[in-house]
Amino acid sequence: MKNVLCLVSVSLGMTCLCYAAEVEVLKSDRPSQVVIESKFFAGSIVDVHDPDPAQGTRFRITVASEGGQRMDFVITPGTPVAIGHGKTIAPKHLKEGDKVTVEYTTTKVGDLNRTMRIVVEEQKDGR
């Protein structure tokens, strides 16, 4: 009888240890919180790419800095575009030549620059 109780106790103990180890592995496999770090880029819009749902493309702008560096930005839905003194416009009203500062994040997959906010410093045609 003592042998049976010892075997049952050892079996239960091993089961508990295995379960605890499995739970620890599951905890370590969970993705940790990702801290989103925003960046800024200033320049003039040199190209506006309208979305094409048939081809799966998104609304994008290309901005060139005074130093000549160019960056493409995907404009995400709901991105605020400020034009000064609390006024905003829809992103579709951005035009080539507008001077802007873009607040953005870069995705880890595909290295897409996604806009978080756009501030129009100067509009080309005085809109």
# chains A, B, ... in the order shown; residues from 1 in each chain; ligands from 1
>>> residues_around(residues="stretch 82-84 of chain A", least_positions_apart="3", cutoff="7 Å", atoms="only C-alpha atoms", output="PyMOL selection string")
chain A and resi 87-89+118-121
>>> write_last_selection(atoms="N, CA and C atoms", output="CSV table (one decimal), in the first residue's frame")
chain,number,residue,atom,x,y,z
A,87,LYS,N,-7.3,74.4,-37.4
A,87,LYS,CA,-8.1,74.0,-38.5
A,87,LYS,C,-7.4,72.7,-39.1
A,88,THR,N,-8.3,71.8,-39.6
A,88,THR,CA,-7.8,70.6,-40.2
A,88,THR,C,-8.4,70.5,-41.6
A,89,ILE,N,-7.7,69.7,-42.4
A,89,ILE,CA,-8.3,69.3,-43.7
A,89,ILE,C,-8.2,67.8,-43.9
A,118,ILE,N,0.0,65.0,-39.6
A,118,ILE,CA,0.6,65.8,-40.6
A,118,ILE,C,0.3,67.3,-40.3
A,119,VAL,N,1.3,68.1,-40.2
A,119,VAL,CA,1.1,69.5,-40.0
A,119,VAL,C,1.6,70.2,-41.3
A,120,VAL,N,0.7,71.0,-41.9
A,120,VAL,CA,1.0,71.7,-43.1
A,120,VAL,C,1.6,73.1,-42.7
A,121,GLU,N,2.9,73.3,-43.0
A,121,GLU,CA,3.5,74.5,-42.6
A,121,GLU,C,3.2,75.7,-43.5
>>> residues_around(residues="A:His49", least_positions_apart="2", cutoff="8 Å", atoms="only C-alpha atoms", output="PyMOL selection string")
chain A and resi 47+51+58-61
>>> write_last_selection(atoms="N, CA and C atoms", output="PDB file, in the first residue's frame")
ATOM      1  N   ASP A  47       5.137  64.230 -54.384  1.00  0.00           N
ATOM      2  CA  ASP A  47       4.248  63.341 -55.126  1.00  0.00           C
ATOM      3  C   ASP A  47       3.099  62.906 -54.226  1.00  0.00           C
ATOM      4  N   PRO A  51      -5.078  56.300 -53.747  1.00  0.00           N
ATOM      5  CA  PRO A  51      -5.276  54.861 -53.526  1.00  0.00           C
ATOM      6  C   PRO A  51      -5.942  54.218 -54.736  1.00  0.00           C
ATOM      7  N   ARG A  58      -2.509  51.991 -51.238  1.00  0.00           N
ATOM      8  CA  ARG A  58      -3.057  52.926 -50.260  1.00  0.00           C
ATOM      9  C   ARG A  58      -2.710  54.356 -50.644  1.00  0.00           C
ATOM     10  N   PHE A  59      -3.374  55.291 -49.978  1.00  0.00           N
ATOM     11  CA  PHE A  59      -3.091  56.706 -50.184  1.00  0.00           C
ATOM     12  C   PHE A  59      -1.720  57.000 -49.590  1.00  0.00           C
ATOM     13  N   ARG A  60      -0.810  57.528 -50.401  1.00  0.00           N
ATOM     14  CA  ARG A  60       0.557  57.797 -49.958  1.00  0.00           C
ATOM     15  C   ARG A  60       1.005  59.165 -50.447  1.00  0.00           C
ATOM     16  N   ILE A  61       1.995  59.706 -49.731  1.00  0.00           N
ATOM     17  CA  ILE A  61       2.662  60.922 -50.198  1.00  0.00           C
ATOM     18  C   ILE A  61       4.163  60.680 -50.136  1.00  0.00           C
TER      19      ILE A  61
END
>>> atom_distance(atom1="atom CA of A:Gly78", atom2="atom CA of A:Lys92")
11.7 Å
>>> residues_around(residues="A:Glu37", least_positions_apart="5", cutoff="9 Å", atoms="only C-alpha atoms", output="ChimeraX atom specification")
/A:104-106
>>> write_last_selection(atoms="C-alpha atoms", output="PDB file, in the first residue's frame")
ATOM      1  CA  TYR A 104       5.162  58.816 -38.303  1.00  0.00           C
ATOM      2  CA  THR A 105       6.068  55.333 -37.142  1.00  0.00           C
ATOM      3  CA  THR A 106       7.806  52.611 -39.115  1.00  0.00           C
TER       4      THR A 106
END
>>> closest_residue(among="A:Leu94, A:Ala42, A:Val100, A:Leu112", to="A:Asp72", atoms="only C-alpha atoms")
A:Leu112
>>> atom_distance(atom1="atom CA of A:Arg117", atom2="atom CA of A:Lys95")
16.1 Å
>>> closest_residue(among="A:Pro53, A:Thr115, A:His85, A:Ser38", to="A:Val102", atoms="only C-alpha atoms")
A:Thr115
>>> closest_residue(among="A:Thr79, A:Asp50, A:Ile45, A:Phe73", to="A:Asp111", atoms="only C-alpha atoms")
A:Phe73
>>> select_by_dssp(residues="stretch 30-74 of chain A", states="strand (DSSP E or B)", output="JSON, numbers by chain")
{"A": [39, 40, 41, 42, 43, 44, 45, 46, 47, 48, 49, 52, 57, 60, 61, 62, 63, 64, 70, 71, 72, 73, 74]}
>>> write_last_selection(atoms="N, CA and C atoms", output="CSV table (one decimal), in the first residue's frame")
chain,number,residue,atom,x,y,z
A,39,LYS,N,8.5,59.4,-35.0
A,39,LYS,CA,9.6,60.2,-35.6
A,39,LYS,C,9.0,61.3,-36.4
A,40,PHE,N,9.8,62.3,-36.8
A,40,PHE,CA,9.3,63.4,-37.5
A,40,PHE,C,10.2,63.6,-38.8
A,41,PHE,N,9.5,64.1,-39.8
A,41,PHE,CA,10.2,64.3,-41.1
A,41,PHE,C,9.6,65.6,-41.7
A,42,ALA,N,10.4,66.6,-42.0
A,42,ALA,CA,9.9,67.8,-42.6
A,42,ALA,C,10.4,68.0,-44.0
A,43,GLY,N,9.6,68.6,-44.9
A,43,GLY,CA,10.0,68.8,-46.3
A,43,GLY,C,8.8,69.2,-47.1
A,44,SER,N,8.9,69.1,-48.4
A,44,SER,CA,7.8,69.5,-49.3
A,44,SER,C,7.3,68.2,-50.0
A,45,ILE,N,6.0,68.2,-50.2
A,45,ILE,CA,5.4,67.1,-50.9
A,45,ILE,C,5.8,67.1,-52.3
A,46,VAL,N,6.4,66.0,-52.8
A,46,VAL,CA,6.8,66.0,-54.2
A,46,VAL,C,5.9,65.1,-55.1
A,47,ASP,N,5.1,64.2,-54.4
A,47,ASP,CA,4.2,63.3,-55.1
A,47,ASP,C,3.1,62.9,-54.2
A,48,VAL,N,1.9,62.8,-54.8
A,48,VAL,CA,0.7,62.4,-54.1
A,48,VAL,C,0.2,61.1,-54.9
A,49,HIS,N,0.2,60.0,-54.2
A,49,HIS,CA,-0.3,58.7,-54.8
A,49,HIS,C,-1.7,58.4,-54.3
A,52,ASP,N,-5.6,52.9,-54.9
A,52,ASP,CA,-6.3,52.2,-56.0
A,52,ASP,C,-6.7,50.8,-55.4
A,57,THR,N,-3.5,49.3,-53.5
A,57,THR,CA,-2.5,50.4,-53.0
A,57,THR,C,-3.3,51.3,-52.1
A,60,ARG,N,-0.8,57.5,-50.4
A,60,ARG,CA,0.6,57.8,-50.0
A,60,ARG,C,1.0,59.2,-50.4
A,61,ILE,N,2.0,59.7,-49.7
A,61,ILE,CA,2.7,60.9,-50.2
A,61,ILE,C,4.2,60.7,-50.1
A,62,THR,N,4.9,61.4,-51.0
A,62,THR,CA,6.3,61.4,-51.0
A,62,THR,C,6.8,62.8,-50.6
A,63,VAL,N,7.6,62.9,-49.6
A,63,VAL,CA,8.1,64.1,-49.1
A,63,VAL,C,9.6,64.2,-49.2
A,64,ALA,N,10.1,65.3,-49.7
A,64,ALA,CA,11.6,65.5,-49.9
A,64,ALA,C,12.0,66.7,-48.9
A,70,ARG,N,14.3,61.7,-49.6
A,70,ARG,CA,12.9,61.5,-49.9
A,70,ARG,C,12.4,60.3,-49.0
A,71,MET,N,11.2,60.5,-48.6
A,71,MET,CA,10.5,59.4,-47.8
A,71,MET,C,9.1,59.3,-48.3
A,72,ASP,N,8.6,58.0,-48.4
A,72,ASP,CA,7.2,57.7,-48.7
A,72,ASP,C,6.5,57.5,-47.4
A,73,PHE,N,5.2,58.0,-47.3
A,73,PHE,CA,4.4,57.8,-46.1
A,73,PHE,C,3.1,57.3,-46.6
A,74,VAL,N,2.6,56.2,-45.9
A,74,VAL,CA,1.2,55.7,-46.1
A,74,VAL,C,0.4,56.5,-45.1
